[in-house]
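Asks: Dropping the structure in here first, questions after.
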There are 2 protein chains.
Amino acid sequence: MGGMSEPRWLSDEEQKVWRDFSAATRMLQAHLEGQLQHEAGMPHTYYEVLVALSEAPDRRLRMSELADARKASRSRLSHAVARLEANGWVRRESCPTDKRGSWAVLTPEGFAALEEAAPGHVEAVRESLFDPLTPEQVKALGEISAAVLGRLSPKCAAAEAELALREETLADLEESAELAKAD
Amino acid sequence: MGGMSEPRWLSDEEQKVWRDFSAATRMLQAHLEGQLQHEAGMPHTYYEVLVALSEAPDRRLRMSELADARKASRSRLSHAVARLEANGWVRRESCPTDKRGSWAVLTPEGFAALEEAAPGHVEAVRESLFDPLTPEQVKALGEISAAVLGRLSPKCAAAEAELALREETLADLEESAELAKAD
DNA sequence: GCAATTTGGTTGAGCGTTCAACCAGGGGTA
DNA sequence: TACCCCTGGTTGAACGCTCAACCAAATTGC
């Protein structure tokens, strides 16, 4: 990240692709968010939490499993589940085997809310994403998404690794310093 | 929107495409947001505002032009520009010909901040989006984005039109009611 | 020329996300 | 057992976005 040679600017076509892609995803997101908020009274994030729970065995998941499943921070889930709990859609249960942990359990009301929201959401996704695309484009989009995901997930891992390494190095340095002082 | 017949659920492949796409765009967005926030100390939205201003003649734009350009709400821009102004990157100027309006003007400091932020941002976009794709995939992505955008933009227009129509109808009804009372 | 509406823009409250600080319980080591 | 670090999870403040209310200037209609 140091020397920063001449940046590889985007070509005109790349720029157009990037802007269209950026605009399209932003509008799509806004559209779905609005639809869900309007018809089901919940933000997309909550919907996804309910989906994750509904697919889990016994419709229950540990908080961190839930966080991993949705690739969200623990903090975010904590807040989200708090809100969902206030709505009566999720219930927290403390974990007997590990007293630190807790389960998030989908309540019948939560399942009902999900069932109510699902058709409209799916229809919106279909209308705004799949309908305007040809089958080949859908296939291509799948491959493209997988490729980007493949690049990004290791990147996250790498970033975390680097961070860990950096901290480790720091720790080593401190240790050396300690030793030096101790000498 | 009325009768809600059996919803057209997603097939397994569609579901996989949707989930991958959803995850990919979310991670991409988070990655770019983080990069920009970390290296340039500004959220992506602000960066885009600065870009829009830098490309405008005289590096100045009316608030609503800015809003349209970024497809953002007026409110959002008002808040954003307020923040940017506090940072010294943008200056507001009242418009002499229309005393309601105001210009947002990119300051030299703002331009400098943009110049500083741009290379890292472009590099991040390239690394995480273009590098993992083949040229054909880039082309396909452009077409896909344009298709989705084409579906979504008219949809917005249609939604607005419908809303307007509904209000109009409502107004008509009220008017009729008035007339009826007046009779 | 004057009321009614529309337009350009701001403001404040409510909400969700992030970040950093924090706490308690678990696991390893001496 | 006592100590230390790690892990699972919560909390509160700061921040950006949205929505609705609002204000002032411009425009329309009679």
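Residues are named by chain letter and number: chains run A, B, ... in the order of the structure tokens, numbers start at 1 in each chain, and ligands are numbered from 1 in the order shown.
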Taking only C-alpha atoms (C1' of nucleotides) into account, produce a table as CSV in which each residue of chain C with an atom at most 9 Å from an atom of chain B appears once, together with its shortest atom pair and the distance in Å to one decimal, ordered by chain and rising number.

Replies:
residue,atom,partner,partner_atom,distance
C:DT7,C1',B:Arg100,CA,8.9
C:DG8,C1',B:Gly101,CA,5.5
C:DG9,C1',B:Gly101,CA,6.9
C:DT10,C1',B:Ser78,CA,7.0

Asks: If the cut-off is 6 Å, can you tell me the residues of chain A near chain B, counting only C-alpha atoms? I'd like them as an mmCIF file with C-alpha atoms, in the first residue's frame.

Replies:
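As a result, result-v1.cif now contains:
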data_model
loop_
_atom_site.group_PDB
_atom_site.id
_atom_site.type_symbol
_atom_site.label_atom_id
_atom_site.label_comp_id
_atom_site.auth_asym_id
_atom_site.auth_seq_id
_atom_site.Cartn_x
_atom_site.Cartn_y
_atom_site.Cartn_z
ATOM 1 C CA PRO A 7 -3.282 4.494 -10.706
ATOM 2 C CA VAL A 17 -20.324 -0.356 -16.596
ATOM 3 C CA ASP A 20 -24.663 1.553 -14.384
ATOM 4 C CA PHE A 21 -23.909 -1.303 -12.043
ATOM 5 C CA ALA A 24 -28.708 -0.462 -10.653
ATOM 6 C CA PRO A 119 -44.758 -13.616 -1.475
ATOM 7 C CA GLY A 142 -24.715 -15.985 -11.143
ATOM 8 C CA SER A 145 -21.576 -12.799 -8.483
ATOM 9 C CA LEU A 149 -17.733 -13.162 -3.974
#

Asks: Leaving out Leu66 (chain A) and any residue of its chain fewer than 5 positions from it, which residues lie within 12 Å of it when counting only C-alpha atoms (C1' of nucleotides), given as number ranges by chain?

Replies: A: 45-46, 48-56, 59-61, 71-78, 80-81, 102-106

Asks: Set the cut-off to 12 Å and count only C-alpha atoms (C1' of nucleotides): what are the residues of chain D that reach chain A? Output as an NGL selection string.

Replies: :D and (7-12 or 17-18)

Asks: Take the residues just selected and output them with N, CA and C atoms (P, O5', C5', C4', C3', O3' and C1' of nucleotides) as a PDB file, in the first residue's frame.

Replies:
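Final file, out.pdb:
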ATOM      1  P    DT D   7     -10.569 -16.329  20.223  1.00  0.00           P
ATOM      2  O5'  DT D   7     -12.032 -16.549  20.789  1.00  0.00           O
ATOM      3  C5'  DT D   7     -12.291 -17.696  21.599  1.00  0.00           C
ATOM      4  C4'  DT D   7     -13.709 -17.615  22.114  1.00  0.00           C
ATOM      5  C3'  DT D   7     -14.706 -17.023  21.112  1.00  0.00           C
ATOM      6  O3'  DT D   7     -15.882 -17.812  21.146  1.00  0.00           O
ATOM      7  C1'  DT D   7     -14.805 -15.828  23.132  1.00  0.00           C
ATOM      8  P    DG D   8     -17.053 -17.570  20.158  1.00  0.00           P
ATOM      9  O5'  DG D   8     -18.190 -16.962  21.098  1.00  0.00           O
ATOM     10  C5'  DG D   8     -18.873 -17.800  22.007  1.00  0.00           C
ATOM     11  C4'  DG D   8     -19.972 -17.018  22.658  1.00  0.00           C
ATOM     12  C3'  DG D   8     -20.932 -16.356  21.665  1.00  0.00           C
ATOM     13  O3'  DG D   8     -22.269 -16.556  22.117  1.00  0.00           O
ATOM     14  C1'  DG D   8     -19.953 -14.710  23.072  1.00  0.00           C
ATOM     15  P    DG D   9     -23.460 -16.015  21.202  1.00  0.00           P
ATOM     16  O5'  DG D   9     -23.690 -14.569  21.809  1.00  0.00           O
ATOM     17  C5'  DG D   9     -23.923 -14.447  23.216  1.00  0.00           C
ATOM     18  C4'  DG D   9     -23.841 -13.002  23.634  1.00  0.00           C
ATOM     19  C3'  DG D   9     -24.672 -12.012  22.807  1.00  0.00           C
ATOM     20  O3'  DG D   9     -25.889 -11.770  23.519  1.00  0.00           O
ATOM     21  C1'  DG D   9     -22.566 -11.108  23.568  1.00  0.00           C
ATOM     22  P    DT D  10     -26.868 -10.606  23.049  1.00  0.00           P
ATOM     23  O5'  DT D  10     -26.347  -9.340  23.861  1.00  0.00           O
ATOM     24  C5'  DT D  10     -26.256  -9.428  25.285  1.00  0.00           C
ATOM     25  C4'  DT D  10     -25.802  -8.100  25.865  1.00  0.00           C
ATOM     26  C3'  DT D  10     -26.670  -6.893  25.490  1.00  0.00           C
ATOM     27  O3'  DT D  10     -26.987  -6.213  26.695  1.00  0.00           O
ATOM     28  C1'  DT D  10     -24.394  -6.430  25.040  1.00  0.00           C
ATOM     29  P    DT D  11     -28.095  -5.084  26.672  1.00  0.00           P
ATOM     30  O5'  DT D  11     -27.238  -3.745  26.604  1.00  0.00           O
ATOM     31  C5'  DT D  11     -26.268  -3.483  27.616  1.00  0.00           C
ATOM     32  C4'  DT D  11     -25.438  -2.263  27.250  1.00  0.00           C
ATOM     33  C3'  DT D  11     -26.264  -1.057  26.771  1.00  0.00           C
ATOM     34  O3'  DT D  11     -26.077  -0.003  27.692  1.00  0.00           O
ATOM     35  C1'  DT D  11     -24.358  -1.444  25.387  1.00  0.00           C
ATOM     36  P    DG D  12     -27.006   1.267  27.714  1.00  0.00           P
ATOM     37  O5'  DG D  12     -26.091   2.329  26.952  1.00  0.00           O
ATOM     38  C5'  DG D  12     -24.771   2.568  27.414  1.00  0.00           C
ATOM     39  C4'  DG D  12     -24.098   3.588  26.533  1.00  0.00           C
ATOM     40  C3'  DG D  12     -25.006   4.711  26.025  1.00  0.00           C
ATOM     41  O3'  DG D  12     -24.232   5.901  25.971  1.00  0.00           O
ATOM     42  C1'  DG D  12     -24.129   3.537  24.177  1.00  0.00           C
ATOM     43  P    DC D  17     -26.047   9.358   3.803  1.00  0.00           P
ATOM     44  O5'  DC D  17     -27.465   8.750   4.211  1.00  0.00           O
ATOM     45  C5'  DC D  17     -27.650   7.333   4.176  1.00  0.00           C
ATOM     46  C4'  DC D  17     -29.109   7.015   4.419  1.00  0.00           C
ATOM     47  C3'  DC D  17     -30.066   7.820   3.540  1.00  0.00           C
ATOM     48  O3'  DC D  17     -31.000   6.938   2.929  1.00  0.00           O
ATOM     49  C1'  DC D  17     -30.605   8.109   5.841  1.00  0.00           C
ATOM     50  P    DT D  18     -32.187   7.534   1.980  1.00  0.00           P
ATOM     51  O5'  DT D  18     -33.452   7.593   2.954  1.00  0.00           O
ATOM     52  C5'  DT D  18     -33.763   6.459   3.755  1.00  0.00           C
ATOM     53  C4'  DT D  18     -35.060   6.703   4.506  1.00  0.00           C
ATOM     54  C3'  DT D  18     -36.115   7.443   3.678  1.00  0.00           C
ATOM     55  O3'  DT D  18     -37.384   6.841   3.910  1.00  0.00           O
ATOM     56  C1'  DT D  18     -35.647   8.656   5.660  1.00  0.00           C
TER      57       DT D  18
END

Asks: Rounded to one decimal place, report the CA of His44 (chain A)-CA of Pro43 (chain B) distance in Å.

Replies: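 Interatomic distance, CA of His44 (chain A) to CA of Pro43 (chain B): 21.5 Å.
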
Asks: Let's see if you can do this: from backbone DSSP, list all alpha helix (DSSP H) residues in region 22-158 of chain B, as number ranges by chain.

Replies: B: 22-40, 44-55, 63-69, 74-86, 108-125, 135-158

Asks: Figure out the distance between C1' of DC6 (chain D) and C1' of DC22 (chain C), please, to one decimal in Å.

Replies: 14.8 Å

Asks: In Å, how far is it from C1' of DT6 (chain C) to C1' of DT28 (chain D)?

Replies: 8.7 Å

Asks: Just list the residues in region 35-116 of chain A DSSP gives strand (DSSP E) on the backbone, as a list in words.

Replies: Arg60, Leu61, Arg62, Val90, Arg91, Arg92, Glu93, Ser94, Ser102, Trp103, Ala104, Val105 and Leu106 of chain A
